[in-house]
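S.K.: This one is upload37.cif, mmCIF, C-alpha atoms.
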data_structure
#
loop_
_atom_site.label_atom_id
_atom_site.label_comp_id
_atom_site.auth_asym_id
_atom_site.auth_seq_id
_atom_site.Cartn_x
_atom_site.Cartn_y
_atom_site.Cartn_z
CA MET A 1 11.63 -10.90 4.30
CA ASN A 2 10.76 -10.29 0.65
CA ILE A 3 10.47 -6.68 -0.51
CA ILE A 4 6.98 -7.50 -1.76
CA SER A 5 5.94 -7.42 1.88
CA ILE A 6 6.56 -3.66 1.97
CA PHE A 7 3.84 -3.23 -0.62
CA LYS A 8 1.48 -5.74 0.92
CA THR A 9 -1.96 -4.39 0.02
CA ARG A 10 -3.83 -1.36 -1.16
CA SER A 11 -4.22 -0.51 2.54
CA LEU A 12 -0.49 -0.12 3.16
CA LEU A 13 -0.14 1.88 -0.01
CA LEU A 14 -2.81 4.28 1.15
CA PHE A 15 -1.30 4.59 4.60
CA LEU A 16 1.76 6.25 3.13
CA CYS A 17 -0.15 9.50 3.36
CA PHE A 18 -3.86 8.90 3.99
CA ILE A 19 -3.69 9.91 7.67
CA GLY A 20 -2.41 13.50 7.79
CA ILE A 21 -3.06 16.70 9.70
CA VAL A 22 -1.46 19.82 8.21
CA SER A 23 -0.57 20.86 4.69
CA ALA A 24 2.98 21.84 3.81
CA GLN A 25 5.42 21.87 0.94
CA LEU A 26 7.80 18.93 0.73
CA SER A 27 11.06 18.84 -1.19
CA SER A 28 12.90 16.05 -2.97
CA ASP A 29 16.25 17.39 -1.69
CA PHE A 30 15.13 17.89 1.92
CA TYR A 31 18.01 15.77 3.29
CA SER A 32 20.70 16.89 0.83
CA SER A 33 22.75 18.56 3.55
CA THR A 34 21.53 16.87 6.74
CA CYS A 35 21.67 13.23 5.56
CA PRO A 36 22.96 13.09 1.97
CA ASN A 37 23.30 9.29 1.82
CA VAL A 38 19.83 8.43 3.07
CA LEU A 39 18.34 7.55 -0.32
CA SER A 40 21.15 5.21 -1.29
CA THR A 41 21.00 3.60 2.15
CA ILE A 42 17.27 2.90 1.82
CA LYS A 43 17.67 1.55 -1.72
CA THR A 44 20.45 -0.81 -0.69
CA ALA A 45 18.37 -2.14 2.20
CA VAL A 46 15.31 -2.65 -0.02
CA ASP A 47 17.34 -4.40 -2.71
CA SER A 48 18.98 -6.71 -0.18
CA ALA A 49 15.60 -7.64 1.25
CA GLY A 50 14.64 -8.99 -2.04
CA CYS A 51 2.04 9.82 5.19
CA ASP A 52 3.05 10.04 8.63
CA ALA A 53 3.89 6.41 9.39
CA SER A 54 1.09 6.12 11.92
CA VAL A 55 0.53 2.58 10.59
CA LEU A 56 3.94 1.56 11.95
CA LEU A 57 2.97 2.25 15.57
CA ASP A 58 2.28 -0.78 17.74
CA ASP A 59 -0.68 -0.64 20.13
CA THR A 60 -0.05 1.02 23.48
CA SER A 61 -2.00 1.54 26.70
CA SER A 62 -3.16 4.94 25.42
CA PHE A 63 -4.32 4.01 21.92
CA THR A 64 -5.16 1.11 19.64
CA GLY A 65 -3.27 1.63 16.42
CA GLU A 66 -4.04 1.09 12.76
CA GLN A 67 -2.44 -2.34 12.30
CA SER A 68 -5.61 -3.82 13.85
CA ALA A 69 -7.98 -2.02 11.48
CA PHE A 70 -10.15 -4.42 9.48
CA PRO A 71 -8.47 -3.69 6.10
CA ASN A 72 -5.07 -4.30 7.71
CA VAL A 73 -5.50 -7.10 10.23
CA ASN A 74 -3.35 -10.12 9.34
CA SER A 75 -2.39 -8.37 6.10
CA LEU A 76 0.31 -5.80 6.76
CA ARG A 77 3.84 -7.16 6.72
CA GLY A 78 7.34 -5.86 6.15
CA PHE A 79 7.64 -3.87 9.36
CA ASP A 80 10.95 -5.58 10.11
CA VAL A 81 12.33 -4.25 6.81
CA ILE A 82 11.42 -0.72 7.86
CA ASP A 83 12.96 -1.37 11.28
CA THR A 84 16.23 -2.42 9.66
CA ILE A 85 16.30 0.61 7.39
CA LYS A 86 15.53 2.96 10.28
CA SER A 87 18.38 1.49 12.33
CA GLN A 88 20.84 1.99 9.47
CA VAL A 89 19.66 5.53 8.84
CA GLU A 90 19.87 6.40 12.54
CA ASN A 91 23.50 5.27 12.52
CA LEU A 92 24.13 7.65 9.63
CA CYS A 93 22.10 10.65 10.76
CA PRO A 94 20.62 10.33 14.26
CA GLY A 95 17.25 12.00 14.72
CA VAL A 96 17.08 13.44 11.21
CA VAL A 97 15.06 11.18 8.88
CA SER A 98 11.45 10.35 9.71
CA CYS A 99 9.87 6.93 9.54
CA ALA A 100 7.22 8.43 7.25
CA ASP A 101 9.86 9.42 4.70
CA ILE A 102 11.59 6.05 5.00
CA LEU A 103 8.29 4.28 4.29
CA ALA A 104 7.57 6.48 1.28
CA VAL A 105 11.02 5.97 -0.25
CA ALA A 106 11.03 2.23 0.51
CA ALA A 107 7.69 1.85 -1.27
CA ARG A 108 9.08 3.57 -4.38
CA ASP A 109 12.29 1.53 -4.32
CA SER A 110 10.31 -1.70 -3.90
CA VAL A 111 8.26 -0.95 -6.99
CA VAL A 112 11.40 -0.19 -8.98
CA ALA A 113 13.15 -3.35 -7.76
CA LEU A 114 10.20 -5.40 -9.03
CA GLY A 115 10.28 -3.86 -12.50
CA GLY A 116 7.87 -0.98 -11.97
CA PRO A 117 8.18 2.76 -12.59
CA SER A 118 10.15 5.24 -10.52
CA TRP A 119 9.07 8.65 -9.29
CA THR A 120 10.53 11.51 -7.30
CA VAL A 121 9.57 11.18 -3.64
CA PRO A 122 8.93 14.51 -1.91
CA LEU A 123 10.61 14.51 1.50
CA GLY A 124 10.38 16.37 4.77
CA ARG A 125 7.55 14.56 6.54
CA ARG A 126 7.55 14.15 10.28
CA ASP A 127 6.10 11.25 12.23
CA SER A 128 2.78 11.23 14.05
CA THR A 129 2.67 10.74 17.79
CA THR A 130 -0.52 8.71 17.75
CA ALA A 131 -2.50 6.31 15.58
CA SER A 132 -6.23 5.86 15.16
CA LEU A 133 -8.03 2.55 14.75
CA SER A 134 -11.34 4.33 14.15
CA SER A 135 -9.88 6.59 11.45
CA ALA A 136 -8.28 3.62 9.73
CA ASN A 137 -11.56 1.70 9.74
CA SER A 138 -13.50 4.67 8.38
CA ASP A 139 -10.96 5.99 5.86
CA LEU A 140 -9.49 2.84 4.36
CA PRO A 141 -11.33 0.80 1.73
CA GLY A 142 -11.52 -2.85 2.68
CA PRO A 143 -11.48 -6.02 0.55
CA ALA A 144 -15.29 -6.11 0.45
CA SER A 145 -15.69 -2.52 -0.75
CA ASP A 146 -18.00 -1.81 -3.67
CA LEU A 147 -17.00 0.51 -6.51
CA SER A 148 -18.97 3.38 -5.02
CA ASP A 149 -17.10 2.93 -1.73
CA LEU A 150 -13.74 3.04 -3.47
CA ILE A 151 -14.64 6.12 -5.47
CA SER A 152 -15.90 7.86 -2.33
CA ASN A 153 -12.90 6.89 -0.17
CA PHE A 154 -10.45 8.22 -2.70
CA SER A 155 -12.50 11.27 -3.58
CA ASN A 156 -12.58 12.26 0.09
CA LYS A 157 -8.78 12.49 -0.09
CA GLY A 158 -8.77 14.44 -3.34
CA PHE A 159 -8.18 11.60 -5.79
CA THR A 160 -10.06 11.11 -9.05
CA THR A 161 -11.60 7.81 -10.04
CA ASN A 162 -8.86 7.35 -12.64
CA GLU A 163 -6.21 7.84 -9.96
CA MET A 164 -7.99 5.33 -7.75
CA VAL A 165 -7.85 2.70 -10.50
CA ALA A 166 -4.19 3.42 -11.14
CA LEU A 167 -3.30 3.12 -7.45
CA SER A 168 -5.31 -0.10 -7.21
CA GLY A 169 -2.77 -1.50 -9.65
CA SER A 170 -0.41 -1.81 -6.68
CA HIS A 171 -2.18 -5.16 -6.22
CA THR A 172 -0.01 -6.49 -9.00
CA ILE A 173 2.32 -7.46 -6.13
CA GLY A 174 1.76 -8.64 -2.59
CA GLN A 175 -0.17 -11.37 -0.84
CA ALA A 176 -3.46 -11.52 1.02
CA SER A 177 -4.87 -13.53 3.90
CA CYS A 178 -7.61 -16.09 3.30
CA ARG A 179 -10.02 -14.27 5.61
CA ASN A 180 -10.02 -11.32 3.21
CA PHE A 181 -11.03 -13.21 0.08
CA ARG A 182 -12.96 -16.24 1.43
CA THR A 183 -16.39 -14.74 0.79
CA ARG A 184 -15.48 -13.93 -2.80
CA ILE A 185 -14.21 -17.38 -3.76
CA TYR A 186 -17.15 -19.25 -2.18
CA ASN A 187 -20.12 -16.93 -2.63
CA GLU A 188 -19.62 -14.65 -5.63
CA THR A 189 -20.55 -15.48 -9.19
CA ASN A 190 -18.43 -12.99 -11.15
CA ILE A 191 -15.33 -15.12 -10.68
CA ASP A 192 -13.61 -17.62 -12.97
CA SER A 193 -14.60 -21.05 -11.67
CA THR A 194 -11.16 -22.62 -12.13
CA PHE A 195 -9.56 -19.66 -10.37
CA ALA A 196 -12.00 -19.97 -7.47
CA THR A 197 -11.41 -23.71 -7.13
CA SER A 198 -7.65 -23.29 -7.06
CA LEU A 199 -7.95 -20.70 -4.29
CA GLN A 200 -10.31 -22.89 -2.28
CA ALA A 201 -7.50 -25.43 -2.00
CA LYS A 202 -5.49 -22.81 -0.08
CA CYS A 203 -8.41 -21.18 1.70
CA PRO A 204 -10.96 -23.59 3.25
CA SER A 205 -14.48 -22.44 3.98
CA THR A 206 -13.64 -22.52 7.69
CA GLY A 207 -10.25 -22.13 9.31
CA GLY A 208 -6.98 -21.20 7.67
CA ASP A 209 -7.64 -17.49 8.07
CA GLY A 210 -3.94 -16.67 7.80
CA ASN A 211 -3.25 -18.76 4.70
CA LEU A 212 -1.78 -16.55 1.99
CA SER A 213 -2.32 -16.17 -1.74
CA PRO A 214 -0.70 -13.78 -4.20
CA ILE A 215 -3.10 -10.97 -5.11
CA ASP A 216 -1.88 -11.26 -8.71
CA THR A 217 -1.55 -14.98 -9.34
CA THR A 218 -0.20 -14.46 -12.87
CA SER A 219 3.04 -12.61 -12.09
CA PRO A 220 3.13 -12.11 -8.31
CA ASN A 221 6.78 -11.04 -8.19
CA THR A 222 6.66 -8.44 -10.96
CA PHE A 223 5.18 -4.97 -10.96
CA ASP A 224 3.29 -4.98 -14.27
CA ASN A 225 -0.21 -4.63 -15.70
CA ALA A 226 -1.21 -8.30 -15.22
CA TYR A 227 -3.52 -7.23 -12.38
CA PHE A 228 -5.81 -5.53 -14.89
CA LYS A 229 -5.68 -8.45 -17.30
CA ASN A 230 -6.74 -10.69 -14.42
CA LEU A 231 -9.76 -8.48 -13.79
CA GLN A 232 -10.80 -8.89 -17.43
CA SER A 233 -10.76 -12.65 -16.85
CA GLN A 234 -12.73 -12.38 -13.60
CA LYS A 235 -9.68 -13.33 -11.59
CA GLY A 236 -9.66 -10.46 -9.14
CA LEU A 237 -8.77 -11.82 -5.70
CA PHE A 238 -10.78 -9.32 -3.65
CA HIS A 239 -14.34 -8.20 -4.20
CA SER A 240 -12.87 -4.68 -4.20
CA ASP A 241 -10.60 -5.69 -7.08
CA GLN A 242 -13.22 -7.24 -9.33
CA VAL A 243 -15.65 -4.32 -8.93
CA LEU A 244 -13.22 -2.29 -11.05
CA PHE A 245 -14.23 -4.49 -13.98
CA ASN A 246 -17.81 -5.54 -13.54
CA GLY A 247 -19.90 -3.55 -16.01
CA GLY A 248 -19.29 -0.25 -14.23
CA SER A 249 -17.71 3.12 -14.94
CA THR A 250 -14.12 1.92 -14.52
CA ASP A 251 -14.25 -0.94 -17.04
CA SER A 252 -12.83 1.25 -19.81
CA GLN A 253 -9.80 2.24 -17.76
CA VAL A 254 -9.09 -1.38 -16.84
CA ASN A 255 -9.22 -2.19 -20.55
CA ALA A 256 -6.84 0.68 -21.30
CA TYR A 257 -4.27 -0.38 -18.71
CA SER A 258 -4.53 -4.01 -19.82
CA SER A 259 -3.45 -3.07 -23.31
CA ASP A 260 -1.02 -0.25 -22.44
CA SER A 261 1.37 -1.02 -19.59
CA ALA A 262 3.28 2.23 -20.14
CA SER A 263 0.12 4.25 -19.54
CA PHE A 264 -0.50 2.42 -16.29
CA ALA A 265 3.10 2.95 -15.14
CA THR A 266 2.93 6.68 -15.86
CA ASP A 267 -0.44 7.17 -14.18
CA PHE A 268 0.60 5.12 -11.17
CA ALA A 269 3.79 7.10 -10.66
CA ASN A 270 1.95 10.43 -11.00
CA ALA A 271 -0.68 9.33 -8.50
CA MET A 272 2.02 8.29 -6.05
CA VAL A 273 3.63 11.73 -6.30
CA LYS A 274 0.23 13.26 -5.55
CA MET A 275 -0.26 10.92 -2.62
CA GLY A 276 3.16 11.85 -1.31
CA ASN A 277 2.03 15.46 -0.99
CA LEU A 278 -1.19 14.65 0.82
CA SER A 279 -1.36 16.55 4.14
CA PRO A 280 1.95 15.53 5.71
CA LEU A 281 3.17 16.55 9.14
CA THR A 282 6.05 19.00 8.72
CA GLY A 283 7.94 21.73 10.51
CA SER A 284 7.52 21.45 14.27
CA SER A 285 4.50 19.15 14.07
CA GLY A 286 4.93 15.55 15.15
CA GLN A 287 8.41 14.19 15.78
CA ILE A 288 11.26 12.19 14.27
CA ARG A 289 10.85 8.78 15.85
CA THR A 290 13.94 6.93 16.98
CA ASN A 291 12.06 3.63 16.74
CA CYS A 292 9.34 3.50 14.10
CA ARG A 293 7.16 1.23 16.23
CA ARG A 294 6.75 3.68 19.12
CA ILE A 295 6.76 7.36 19.90
CA ASN A 296 9.84 8.87 21.51
#
As a first step, turn the structure in this file into structure tokens.
M.R.:
Amino acid sequence: MNIISIFKTRSLLLFLCFIGIVSAQLSSDFYSSTCPNVLSTIKTAVDSAGCDASVLLDDTSSFTGEQSAFPNVNSLRGFDVIDTIKSQVENLCPGVVSCADILAVAARDSVVALGGPSWTVPLGRRDSTTASLSSANSDLPGPASDLSDLISNFSNKGFTTNEMVALSGSHTIGQASCRNFRTRIYNETNIDSTFATSLQAKCPSTGGDGNLSPIDTTSPNTFDNAYFKNLQSQKGLFHSDQVLFNGGSTDSQVNAYSSDSASFATDFANAMVKMGNLSPLTGSSGQIRTNCRRIN
């Protein structure tokens, strides 16, 4: 399983902390005494593979989880990487480190492993005991979202439009299912014709829903600013990508990131730190799951 799978889409990125309940202060040294080797263990596992973690929960008889939400269906991957890391961490420090913290650290380490920026991950989250399909469908922007939808979705969680554009840059890595970009490559006009034709070879007008394409076809295995350069050339894979550069209010920021990769890296890292502090479960709330896919 490639580490790119951990950072599959904007949806998984948002799930790191988009579904939260109570506010609390996290700390980068939360496990310094209770599990001092957890960060190195996670990094090693991420390298070898090449929020509240509600997205990790499989469906049960009592709830339908978030993996089936429209923005996520057939798109989220990398759960087995998280499972492996959790198993290793449990062997080190049983019942101490949450799946939510593992997911947050693994996301950071994946970005770094692919050439992207690093940031300090605040720790101390606990895991949710439920997941919500309806909340995921209402809170998460999908691949067909318009610019106004993206701005609203992020604003509702306290993010500025600039932070939304920076976080959208996570689409510089990862892959997407045909079903999520079919309408764009067959029906939209603000798309490079050669780019559309090449994608149609992988994604037929009917069938092949699970066929995959890199979201950033220029440098799919590197965390860089090529995503924004692609938007300038009308090579955004999703409708929700190309709306960031389509004569609207975010065009100027796309231009800025296209010409200044360091600025993008800094803004992305800062936005991830902010996301990491977004309404986590802490203290006695939630639990520390033994298995990330189900509640204890």
S.K.: Take the PyMOL selection byres ((chain A and resi 41) around 10), apply it to the structure above, and return the hits as an MDAnalysis selection string.
M.R.: chainID A and resid 36:40 42:46 85:86 88:89 92
S.K.: Selected residues, C-alpha atoms, written as a JSON list (two decimals), in the frame of the given file, please.
M.R.:
[["chain", "number", "residue", "atom", "x", "y", "z"],
["A", 36, "PRO", "CA", 22.96, 13.09, 1.97],
["A", 37, "ASN", "CA", 23.30, 9.29, 1.82],
["A", 38, "VAL", "CA", 19.83, 8.43, 3.07],
["A", 39, "LEU", "CA", 18.34, 7.55, -0.32],
["A", 40, "SER", "CA", 21.15, 5.21, -1.29],
["A", 42, "ILE", "CA", 17.27, 2.90, 1.82],
["A", 43, "LYS", "CA", 17.67, 1.55, -1.72],
["A", 44, "THR", "CA", 20.45, -0.81, -0.69],
["A", 45, "ALA", "CA", 18.37, -2.14, 2.20],
["A", 46, "VAL", "CA", 15.31, -2.65, -0.02],
["A", 85, "ILE", "CA", 16.30, 0.61, 7.39],
["A", 86, "LYS", "CA", 15.53, 2.96, 10.28],
["A", 88, "GLN", "CA", 20.84, 1.99, 9.47],
["A", 89, "VAL", "CA", 19.66, 5.53, 8.84],
["A", 92, "LEU", "CA", 24.13, 7.65, 9.63]]
S.K.: Please identify every residue of segment 138-176 of chain A that has at least one atom no farther than 12 Å from an atom of segment 277-289 of chain A, counting all atoms listed in the file, and for each give the shortest atom pair and the distance in Å to one decimal, arranged by chain then increasing number, as JSON lines.
M.R.:
{"residue": "A:Phe154", "atom": "CA", "partner": "A:Leu278", "partner_atom": "CA", "distance": 11.8}
{"residue": "A:Asn156", "atom": "CA", "partner": "A:Leu278", "partner_atom": "CA", "distance": 11.7}
{"residue": "A:Lys157", "atom": "CA", "partner": "A:Leu278", "partner_atom": "CA", "distance": 7.9}
{"residue": "A:Gly158", "atom": "CA", "partner": "A:Leu278", "partner_atom": "CA", "distance": 8.6}
{"residue": "A:Phe159", "atom": "CA", "partner": "A:Leu278", "partner_atom": "CA", "distance": 10.1}
S.K.: Taking the file above as input, evaluate the PyMOL selection byres ((chain A and resi 242-258) around 8) and report the hits as a PyMOL selection string.
M.R.: chain A and resi 146-147+161-162+165+190+225-226+228-229+231-232+234-241+259-261+263-264
S.K.: Please, what distance in Å, to one decimal, runs between atom CA of Thr189 of chain A and atom CA of Ala144 of chain A?
M.R.: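 Between atom CA of Thr189 of chain A and atom CA of Ala144 of chain A the gap is 14.4 Å.
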S.K.: Of the candidates A:Asp101, A:Asp149, A:Asp209, A:Asp267, which shows the shortest atom-to-atom distance to Thr183 of chain A, using all atoms listed in the file?
M.R.: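 So, comparing all the options, the nearest one is A:Asp209.
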S.K.: With only C-alpha atoms counted, which protein, DNA or RNA residues have an atom no more than 7 Å from (2.8, -13.7, 2.5) in the file frame? Please answer as a short mmCIF file (atom, residue, chain, number, x, y, z; two decimals) with C-alpha atoms, in the frame of the given file.
M.R.:
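Saved as result.cif:
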data_model
loop_
_atom_site.label_atom_id
_atom_site.label_comp_id
_atom_site.auth_asym_id
_atom_site.auth_seq_id
_atom_site.Cartn_x
_atom_site.Cartn_y
_atom_site.Cartn_z
CA GLN A 175 -0.17 -11.37 -0.84
CA ALA A 176 -3.46 -11.52 1.02
CA LEU A 212 -1.78 -16.55 1.99
#
S.K.: Just how far from atom CA of Glu90 of chain A is atom CA of Ala269 of chain A, in Å to one decimal?
M.R.: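 Interatomic distance, atom CA of Ala269 of chain A to atom CA of Glu90 of chain A: 28.2 Å.
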S.K.: Counting only C-alpha atoms, which residues have an atom no more than 7 Å from (9.2, 15.2, -1.4) in the file's coordinates? Please list them as a PyMOL selection string.
M.R.: chain A and resi 26-28+121-124+276
S.K.: As an exercise, work out the distance from atom CA of Gly210 of chain A to atom CA of Thr130 of chain A in Å and give it to one decimal place.
M.R.: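 For atom CA of Gly210 of chain A relative to atom CA of Thr130 of chain A, the distance reads 27.5 Å.
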S.K.: On this structure, the PyMOL selection byres ((chain A and resi 34) around 9) would catch which residues? List them as a list in words, sorted by chain and number.
M.R.: Phe30, Tyr31, Ser32, Ser33, Cys35, Pro36, Cys93, Val96 and Val97 of chain A
S.K.: Since the input has fewer atoms than a full residue there, write segment 76-100 of chain A out with N, CA, C and O atoms, as an mmCIF file, in the coordinates of the input.
M.R.:
data_model
loop_
_atom_site.group_PDB
_atom_site.id
_atom_site.type_symbol
_atom_site.label_atom_id
_atom_site.label_comp_id
_atom_site.auth_asym_id
_atom_site.auth_seq_id
_atom_site.Cartn_x
_atom_site.Cartn_y
_atom_site.Cartn_z
ATOM 1 N N LEU A 76 -0.880 -6.623 6.871
ATOM 2 C CA LEU A 76 0.310 -5.800 6.760
ATOM 3 C C LEU A 76 1.544 -6.566 7.209
ATOM 4 O O LEU A 76 1.581 -7.149 8.276
ATOM 5 N N ARG A 77 2.581 -6.531 6.387
ATOM 6 C CA ARG A 77 3.840 -7.160 6.720
ATOM 7 C C ARG A 77 4.972 -6.253 6.264
ATOM 8 O O ARG A 77 4.767 -5.235 5.652
ATOM 9 N N GLY A 78 6.193 -6.634 6.590
ATOM 10 C CA GLY A 78 7.340 -5.860 6.150
ATOM 11 C C GLY A 78 7.816 -4.847 7.152
ATOM 12 O O GLY A 78 8.725 -4.071 6.872
ATOM 13 N N PHE A 79 7.210 -4.836 8.362
ATOM 14 C CA PHE A 79 7.640 -3.870 9.360
ATOM 15 C C PHE A 79 9.102 -4.076 9.754
ATOM 16 O O PHE A 79 9.804 -3.121 10.076
ATOM 17 N N ASP A 80 9.556 -5.332 9.731
ATOM 18 C CA ASP A 80 10.950 -5.580 10.110
ATOM 19 C C ASP A 80 11.908 -4.986 9.092
ATOM 20 O O ASP A 80 13.030 -4.596 9.441
ATOM 21 N N VAL A 81 11.500 -4.892 7.818
ATOM 22 C CA VAL A 81 12.330 -4.250 6.810
ATOM 23 C C VAL A 81 12.486 -2.775 7.135
ATOM 24 O O VAL A 81 13.591 -2.221 7.080
ATOM 25 N N ILE A 82 11.380 -2.126 7.492
ATOM 26 C CA ILE A 82 11.420 -0.720 7.860
ATOM 27 C C ILE A 82 12.273 -0.525 9.114
ATOM 28 O O ILE A 82 13.047 0.442 9.221
ATOM 29 N N ASP A 83 12.143 -1.447 10.071
ATOM 30 C CA ASP A 83 12.960 -1.370 11.280
ATOM 31 C C ASP A 83 14.446 -1.403 10.951
ATOM 32 O O ASP A 83 15.248 -0.640 11.512
ATOM 33 N N THR A 84 14.828 -2.294 10.057
ATOM 34 C CA THR A 84 16.230 -2.420 9.660
ATOM 35 C C THR A 84 16.735 -1.149 8.994
ATOM 36 O O THR A 84 17.823 -0.647 9.301
ATOM 37 N N ILE A 85 15.916 -0.617 8.079
ATOM 38 C CA ILE A 85 16.300 0.610 7.390
ATOM 39 C C ILE A 85 16.443 1.757 8.383
ATOM 40 O O ILE A 85 17.415 2.523 8.344
ATOM 41 N N LYS A 86 15.488 1.882 9.293
ATOM 42 C CA LYS A 86 15.530 2.960 10.280
ATOM 43 C C LYS A 86 16.802 2.864 11.118
ATOM 44 O O LYS A 86 17.452 3.888 11.399
ATOM 45 N N SER A 87 17.176 1.670 11.531
ATOM 46 C CA SER A 87 18.380 1.490 12.330
ATOM 47 C C SER A 87 19.616 1.947 11.561
ATOM 48 O O SER A 87 20.493 2.630 12.117
ATOM 49 N N GLN A 88 19.694 1.585 10.285
ATOM 50 C CA GLN A 88 20.840 1.990 9.470
ATOM 51 C C GLN A 88 20.881 3.493 9.279
ATOM 52 O O GLN A 88 21.952 4.112 9.337
ATOM 53 N N VAL A 89 19.717 4.090 9.050
ATOM 54 C CA VAL A 89 19.660 5.530 8.840
ATOM 55 C C VAL A 89 19.994 6.286 10.125
ATOM 56 O O VAL A 89 20.669 7.323 10.093
ATOM 57 N N GLU A 90 19.544 5.765 11.257
ATOM 58 C CA GLU A 90 19.870 6.400 12.540
ATOM 59 C C GLU A 90 21.375 6.371 12.799
ATOM 60 O O GLU A 90 21.928 7.307 13.385
ATOM 61 N N ASN A 91 22.047 5.324 12.368
ATOM 62 C CA ASN A 91 23.500 5.270 12.520
ATOM 63 C C ASN A 91 24.179 6.330 11.661
ATOM 64 O O ASN A 91 25.228 6.860 12.040
ATOM 65 N N LEU A 92 23.585 6.625 10.515
ATOM 66 C CA LEU A 92 24.130 7.650 9.630
ATOM 67 C C LEU A 92 23.846 9.059 10.136
ATOM 68 O O LEU A 92 24.752 9.894 10.226
ATOM 69 N N CYS A 93 22.573 9.300 10.442
ATOM 70 C CA CYS A 93 22.100 10.650 10.760
ATOM 71 C C CYS A 93 21.087 10.562 11.895
ATOM 72 O O CYS A 93 19.867 10.552 11.643
ATOM 73 N N PRO A 94 21.540 10.495 13.124
ATOM 74 C CA PRO A 94 20.620 10.330 14.260
ATOM 75 C C PRO A 94 19.589 11.443 14.358
ATOM 76 O O PRO A 94 19.928 12.625 14.286
ATOM 77 N N GLY A 95 18.314 11.043 14.480
ATOM 78 C CA GLY A 95 17.250 12.000 14.720
ATOM 79 C C GLY A 95 16.918 12.926 13.576
ATOM 80 O O GLY A 95 16.308 13.982 13.786
ATOM 81 N N VAL A 96 17.266 12.538 12.355
ATOM 82 C CA VAL A 96 17.080 13.440 11.210
ATOM 83 C C VAL A 96 15.965 12.972 10.269
ATOM 84 O O VAL A 96 15.111 13.753 9.865
ATOM 85 N N VAL A 97 15.973 11.698 9.908
ATOM 86 C CA VAL A 97 15.060 11.180 8.880
ATOM 87 C C VAL A 97 13.862 10.505 9.525
ATOM 88 O O VAL A 97 14.008 9.625 10.381
ATOM 89 N N SER A 98 12.670 10.885 9.118
ATOM 90 C CA SER A 98 11.450 10.350 9.710
ATOM 91 C C SER A 98 11.128 8.954 9.183
ATOM 92 O O SER A 98 11.533 8.562 8.088
ATOM 93 N N CYS A 99 10.371 8.230 9.975
ATOM 94 C CA CYS A 99 9.870 6.930 9.540
ATOM 95 C C CYS A 99 8.914 7.087 8.360
ATOM 96 O O CYS A 99 8.858 6.230 7.467
ATOM 97 N N ALA A 100 8.166 8.176 8.347
ATOM 98 C CA ALA A 100 7.220 8.430 7.250
ATOM 99 C C ALA A 100 7.949 8.563 5.929
ATOM 100 O O ALA A 100 7.518 8.022 4.898
#
